[in-house]
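*Asks:* Structure file run02.txt (compact mmCIF, C-alpha atoms and all ligand atoms) right here:
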# COMPACT_ATOMS: atom_id res chain seq x y z
CA MET N 1 -12.92 -30.78 26.61
CA GLN N 2 -10.21 -30.34 29.24
CA GLN N 3 -8.17 -33.03 27.47
CA ALA N 4 -8.37 -31.11 24.17
CA ALA N 5 -7.39 -27.86 25.90
CA ASN N 6 -4.42 -29.71 27.46
CA PHE N 7 -3.33 -30.82 24.00
CA TRP N 8 -3.22 -27.19 22.87
CA ASP N 9 -1.50 -26.11 26.09
CA GLN N 10 1.26 -28.58 25.33
CA SER N 11 1.50 -27.40 21.72
CA ALA N 12 1.47 -23.67 22.51
CA GLU N 13 5.23 -22.94 22.57
CA LYS N 14 5.81 -24.90 19.36
CA TYR N 15 2.78 -23.26 17.71
CA ALA N 16 4.09 -19.81 18.66
CA SER N 17 7.53 -20.43 17.21
CA SER N 18 6.42 -22.17 13.98
CA PRO N 19 6.37 -20.04 10.85
CA ILE N 20 3.07 -19.63 8.99
CA ASP N 21 2.82 -22.39 6.38
CA ASP N 22 1.73 -20.34 3.40
CA ILE N 23 2.41 -16.68 4.15
CA GLU N 24 1.08 -15.50 0.79
CA ALA N 25 -2.30 -17.14 1.40
CA TYR N 26 -2.30 -15.90 5.01
CA ASN N 27 -1.66 -12.32 3.93
CA TYR N 28 -4.28 -12.56 1.22
CA THR N 29 -7.02 -13.71 3.61
CA LEU N 30 -5.84 -11.18 6.22
CA GLY N 31 -6.42 -8.48 3.59
CA ARG N 32 -9.84 -9.90 2.72
CA THR N 33 -10.71 -9.94 6.44
CA ARG N 34 -9.53 -6.34 6.83
CA SER N 35 -11.81 -5.30 3.98
CA TYR N 36 -14.83 -6.31 6.13
CA LEU N 37 -13.71 -4.35 9.21
CA SER N 38 -14.52 -0.78 10.29
CA PRO N 39 -12.73 1.42 12.84
CA SER N 40 -15.81 1.36 15.12
CA ASP N 41 -16.11 -2.45 15.12
CA LYS N 42 -16.26 -4.60 18.20
CA VAL N 43 -14.75 -7.94 17.18
CA LEU N 44 -14.69 -11.36 18.84
CA GLU N 45 -12.16 -14.00 17.86
CA VAL N 46 -12.78 -17.55 19.06
CA GLY N 47 -9.88 -20.03 19.09
CA CYS N 48 -7.35 -17.20 18.68
CA GLY N 49 -4.30 -19.33 19.51
CA THR N 50 -1.29 -17.15 20.29
CA GLY N 51 -3.12 -14.05 19.09
CA SER N 52 -1.08 -13.18 15.99
CA THR N 53 -4.08 -12.38 13.78
CA ALA N 54 -5.96 -10.42 16.45
CA LEU N 55 -2.85 -8.32 17.06
CA LEU N 56 -2.42 -7.65 13.34
CA LEU N 57 -6.06 -6.52 13.06
CA ALA N 58 -6.07 -4.43 16.25
CA ALA N 59 -5.35 -1.15 14.46
CA ASP N 60 -8.29 -1.70 12.06
CA VAL N 61 -11.03 -1.86 14.70
CA ASN N 62 -12.21 -0.36 17.97
CA HIS N 63 -11.86 -3.41 20.22
CA ILE N 64 -11.15 -7.13 19.97
CA VAL N 65 -11.99 -9.82 22.51
CA ALA N 66 -9.72 -12.72 21.56
CA SER N 67 -10.52 -16.02 23.27
CA ASP N 68 -9.08 -19.51 23.41
CA TYR N 69 -9.61 -22.40 25.82
CA SER N 70 -5.86 -22.98 26.07
CA GLY N 71 -4.48 -20.90 28.93
CA LYS N 72 -0.95 -21.35 27.56
CA MET N 73 -1.92 -19.96 24.16
CA ILE N 74 -3.54 -16.97 25.88
CA ALA N 75 -0.50 -16.40 28.11
CA ILE N 76 1.72 -16.18 25.00
CA ALA N 77 -0.79 -13.89 23.29
CA LYS N 78 -0.91 -11.56 26.29
CA GLY N 79 2.91 -11.41 26.32
CA LYS N 80 2.95 -10.44 22.63
CA ALA N 81 0.30 -7.72 23.20
CA LYS N 82 2.34 -6.29 26.07
CA ASP N 83 5.59 -6.36 24.07
CA GLN N 84 4.03 -4.47 21.18
CA GLY N 85 1.98 -2.11 23.36
CA THR N 86 -1.40 -3.12 21.92
CA GLU N 87 -4.16 -2.11 24.30
CA ASN N 88 -7.40 -2.72 22.42
CA VAL N 89 -7.14 -6.52 22.34
CA GLU N 90 -8.49 -8.27 25.42
CA PHE N 91 -7.25 -11.87 25.60
CA ILE N 92 -9.37 -14.27 27.64
CA THR N 93 -9.13 -17.98 28.39
CA ALA N 94 -12.53 -19.37 27.44
CA ASP N 95 -14.15 -22.16 25.53
CA LEU N 96 -16.27 -21.04 22.60
CA PHE N 97 -19.38 -22.04 24.58
CA ASP N 98 -18.33 -20.40 27.88
CA ALA N 99 -20.70 -17.79 29.30
CA SER N 100 -17.59 -15.71 30.09
CA ILE N 101 -17.60 -14.69 26.42
CA GLU N 102 -20.16 -11.95 26.70
CA ASN N 103 -20.34 -8.21 26.24
CA GLY N 104 -21.72 -8.75 22.79
CA PRO N 105 -23.29 -8.36 20.43
CA TYR N 106 -20.26 -8.15 18.18
CA ASP N 107 -20.00 -6.65 14.71
CA VAL N 108 -17.65 -9.40 13.57
CA VAL N 109 -16.77 -12.88 14.85
CA LEU N 110 -13.61 -14.61 13.62
CA ALA N 111 -13.05 -18.40 13.82
CA LEU N 112 -9.79 -19.05 12.03
CA ASN N 113 -8.56 -22.63 11.74
CA LEU N 114 -11.09 -23.69 14.35
CA LEU N 115 -14.29 -25.34 13.13
CA HIS N 116 -12.63 -28.59 11.99
CA LEU N 117 -11.57 -29.02 15.65
CA VAL N 118 -15.10 -28.62 17.03
CA GLU N 119 -17.24 -31.74 17.53
CA ASP N 120 -20.64 -30.06 17.29
CA ILE N 121 -20.30 -27.52 14.50
CA PRO N 122 -24.02 -26.62 14.20
CA SER N 123 -24.07 -25.72 17.94
CA ALA N 124 -20.86 -23.71 17.50
CA LEU N 125 -22.43 -21.82 14.59
CA ARG N 126 -25.59 -21.13 16.63
CA ARG N 127 -23.42 -19.88 19.50
CA ILE N 128 -21.52 -17.59 17.12
CA SER N 129 -24.80 -16.33 15.72
CA THR N 130 -26.07 -15.39 19.21
CA LEU N 131 -22.89 -13.37 19.79
CA LEU N 132 -23.28 -11.41 16.53
CA LYS N 133 -25.43 -8.37 15.81
CA PRO N 134 -28.12 -8.90 13.15
CA GLY N 135 -26.30 -8.32 9.86
CA GLY N 136 -22.97 -8.97 11.63
CA THR N 137 -20.12 -10.69 9.84
CA PHE N 138 -18.79 -14.17 10.54
CA ILE N 139 -15.35 -14.90 9.07
CA SER N 140 -13.89 -18.38 9.23
CA LYS N 141 -11.10 -20.50 7.86
CA THR N 142 -11.56 -24.26 8.15
CA VAL N 143 -9.43 -27.18 7.03
CA CYS N 144 -11.71 -29.33 4.89
CA GLN N 145 -11.41 -32.76 3.29
CA PRO N 146 -8.05 -32.89 1.47
CA GLY N 147 -8.66 -33.84 -2.15
CA LYS N 148 -6.22 -35.45 -4.58
CA GLY N 149 -4.66 -32.08 -5.45
CA ALA N 150 -4.13 -31.06 -1.80
CA PRO N 151 -0.58 -30.47 -0.55
CA LEU N 152 1.18 -33.68 0.51
CA LYS N 153 1.18 -32.51 4.15
CA PHE N 154 -2.63 -32.64 4.33
CA ARG N 155 -2.85 -36.00 2.57
CA LEU N 156 -0.32 -37.43 5.02
CA ILE N 157 -2.16 -35.95 8.00
CA LYS N 158 -5.37 -37.63 6.83
CA VAL N 159 -3.61 -41.00 6.79
CA ILE N 160 -1.73 -40.79 10.10
CA LEU N 161 -4.34 -38.83 12.09
CA PRO N 162 -6.21 -41.85 13.54
CA LEU N 163 -2.94 -43.26 14.92
CA MET N 164 -1.88 -39.87 16.31
CA GLN N 165 -5.29 -39.48 17.98
CA PHE N 166 -5.08 -43.01 19.41
CA LEU N 167 -1.68 -42.10 20.93
CA GLY N 168 -3.04 -38.80 22.31
CA LYS N 169 -0.79 -36.81 19.97
CA ALA N 170 -3.57 -35.15 17.98
CA PRO N 171 -6.87 -33.53 18.96
CA TYR N 172 -10.35 -34.32 17.61
CA VAL N 173 -10.46 -33.29 13.93
CA ARG N 174 -13.22 -33.60 11.35
CA PHE N 175 -12.40 -32.87 7.72
CA MET N 176 -15.68 -32.09 5.91
CA GLN N 177 -16.37 -31.55 2.25
CA THR N 178 -16.54 -27.79 1.68
CA GLY N 179 -20.16 -28.15 0.51
CA VAL N 180 -21.14 -29.84 3.77
CA LEU N 181 -19.52 -27.04 5.79
CA GLU N 182 -21.16 -24.34 3.70
CA ASP N 183 -24.58 -26.02 4.04
CA MET N 184 -24.12 -26.02 7.83
CA VAL N 185 -23.25 -22.31 7.80
CA ALA N 186 -26.28 -21.49 5.65
CA THR N 187 -28.59 -23.70 7.72
CA GLN N 188 -27.64 -21.90 10.93
CA GLY N 189 -28.91 -18.54 9.69
CA PHE N 190 -26.03 -17.09 7.71
CA LYS N 191 -25.78 -15.92 4.10
CA ILE N 192 -22.37 -16.70 2.59
CA ILE N 193 -20.99 -13.67 0.78
CA GLU N 194 -17.47 -14.87 -0.02
CA ALA N 195 -15.77 -18.27 -0.09
CA GLY N 196 -12.51 -19.57 -1.48
CA ASP N 197 -9.65 -22.01 -0.99
CA TYR N 198 -6.44 -20.36 0.25
CA PRO N 199 -5.15 -22.92 -0.63
CA ALA N 200 -7.34 -26.06 -0.67
CA PRO N 201 -8.21 -27.70 1.67
CA SER N 202 -8.23 -24.49 3.73
CA ARG N 203 -11.68 -22.96 3.14
CA TYR N 204 -12.14 -19.24 3.82
CA ILE N 205 -15.80 -18.29 4.31
CA VAL N 206 -17.33 -14.89 5.01
CA ALA N 207 -21.02 -14.92 5.98
CA LYS N 208 -23.56 -12.39 7.20
CA LYS N 209 -25.98 -13.16 10.03
CA ILE N 210 -29.43 -12.95 8.50
C1 LIG O 1 -5.21 -24.56 14.89
S1 LIG O 1 -5.23 -23.43 16.23
C2 LIG O 1 -5.63 -21.92 15.38
C3 LIG O 1 -5.18 -20.70 16.13
C4 LIG O 1 -5.41 -19.40 15.38
N1 LIG O 1 -6.83 -19.11 15.18
C5 LIG O 1 -4.70 -19.43 14.06
O1 LIG O 1 -5.35 -19.37 13.00
O2 LIG O 1 -3.46 -19.51 14.06
C6 LIG O 1 -6.75 -23.81 17.00
C7 LIG O 1 -6.95 -23.08 18.31
O3 LIG O 1 -8.31 -23.25 18.69
C8 LIG O 1 -8.38 -23.48 20.08
N2 LIG O 1 -9.65 -24.19 20.32
C9 LIG O 1 -10.04 -25.39 19.85
N3 LIG O 1 -11.29 -25.67 20.24
C10 LIG O 1 -11.71 -24.61 20.98
C11 LIG O 1 -12.91 -24.31 21.67
N4 LIG O 1 -13.95 -25.16 21.68
N5 LIG O 1 -13.00 -23.13 22.33
C12 LIG O 1 -11.95 -22.26 22.33
N6 LIG O 1 -10.78 -22.50 21.70
C13 LIG O 1 -10.66 -23.67 21.03
C14 LIG O 1 -7.12 -24.26 20.40
O4 LIG O 1 -6.75 -24.13 21.76
C15 LIG O 1 -6.10 -23.62 19.46
O5 LIG O 1 -5.42 -22.56 20.07
Mind turning the file's structure into structure tokens?
*Replies:*
Amino acid sequence: MQQAANFWDQSAEKYASSPIDDIEAYNYTLGRTRSYLSPSDKVLEVGCGTGSTALLLAADVNHIVASDYSGKMIAIAKGKAKDQGTENVEFITADLFDASIENGPYDVVLALNLLHLVEDIPSALRRISTLLKPGGTFISKTVCQPGKGAPLKFRLIKVILPLMQFLGKAPYVRFMQTGVLEDMVATQGFKIIEAGDYPAPSRYIVAKKI
């Protein structure tokens, strides 16, 4: 786990300075996410990276705890929050499974571009469920198995990933079929209320805790 966090520590500066790949799709899913939020909501984001999304959603909710196991990602996120004077986002360095993520239950949990990096997804989903209120909303975006029509970038990643991982230049990644991911979400006590590809193979899923 520490090794994976180190990988993201080393990638943090580059991640922070890289433009969003598909800004139209990003803005679309940001809008969809906003549509599920209320001003009184207490939100948890797991794997928040450099905090861009949490900071954009801060004005839509009461409070956000935004967590990531990379201390470097969190340091950048805290700097951005300070620069823009955002006070209702609390950035913490924590693994998804860390007990330091508490003070729930939350109205909404966000896991954006995270689950494909997690080795035990059913456990992660159970953990997220315990942090949510009954009827709470789980919003995720996950890179799934790139199909033939997927952008060249994803098809190339699929081919070179094993070599990159062997050289320590890429973290653990599992690209599932979207159906497999959605079955896992449903099996762990969620009802999927919205799902779509923005764009494939990036699967956006909104689910309610049953
Ligand atoms: C691809 S980045 C996505 C960042 C952000 N959510 C976004 O959409 O831009 C994945 C992030 O998840 C974090 N991460 C991966 N596994 C994690 C875990 N088990 N617990 C907490 N953070 C994790 C990494 O440190 C990294 O910052």
*Asks:* Which residues are near stretch 135-144 of chain N? Cut-off 8 Å, only C-alpha atoms, ignore same chain within fewer than 5 positions. Put them as a PyMOL selection string.
*Replies:* chain N and resi 33+36+106-116+128+174-178+200-210
*Asks:* Padding of 6 Å on every side, edges along x, y and z, all listed atoms of ligand LIG 1 (chain O) included: what centre and edge lengths in Å, to one decimal, does that box have, as JSON?
*Replies:*
{"center_x": -8.7, "center_y": -22.4, "center_z": 17.7, "size_x": 22.5, "size_y": 18.6, "size_z": 21.3}
*Asks:* As a ChimeraX atom specification, please: the residues near stretch 93-103 of chain N (cut-off 10 Å, all atoms listed in the file, same-chain neighbours under 2 positions excluded).
*Replies:* /N:1-2,5,42,44-48,65-75,91,105-106,111,118,123-124,127-128,131
*Asks:* Kindly give the distance, in Å, that separates atom CA of N:Leu167 and atom N2 of ligand LIG 1 (chain O), rounded to a single decimal.
*Replies:*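 Computed distance, atom CA of N:Leu167 to atom N2 of ligand LIG 1 (chain O), equals 19.6 Å.
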*Asks:* Quick one: pull the distance between atom CA of N:Gly49 and atom O4 of ligand LIG 1 (chain O), Å, one decimal.
*Replies:* 5.8 Å
*Asks:* Tell me, in Å to one decimal, how far atom CA of N:Asn88 is from atom O1 of ligand LIG 1 (chain O).
*Replies:*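 It comes out at 19.2 Å.
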*Asks:* Which residue is closest to ligand LIG 1 (chain O)? Choose from N:Phe154, N:Ala25, N:Arg126, N:Thr53 and count all atoms listed in the file.
*Replies:* N:Thr53
*Asks:* Residues near N:Asn62, anyone? I mean within 9 Å using only C-alpha atoms, not counting same-chain ones fewer than 2 positions away, as a list in words.
*Replies:*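 The residues satisfying every condition are Ser38, Pro39, Ser40, Asp41, Lys42, Val43, Ala58, Ala59, Asp60, Ile64 and Asn88 of chain N.
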*Asks:* Select all residues near (4.8, -33.2, 21.5) (cut-off 12 Å, inclusive, file coordinates), counting only C-alpha atoms, and output them as a ChimeraX atom specification.
*Replies:* /N:6-15,164,167-171
*Asks:* Which one of N:Val159, N:Thr29, N:Leu117, N:Ala77 sits closest to ligand LIG 1 (chain O) if you count only C-alpha atoms and all ligand atoms?
*Replies:*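 Going through N:Val159, N:Thr29, N:Leu117, N:Ala77 one by one, the smallest distance to ligand LIG 1 (chain O) is for N:Leu117.
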*Asks:* With all atoms listed in the file as the basis for distance, which of N:Leu161, N:Ala150, N:Ile121, N:Ala186 is at the shortest distance from ligand LIG 1 (chain O)?
*Replies:*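 Residue with the minimum atom-to-atom distance to ligand LIG 1 (chain O): N:Ile121.
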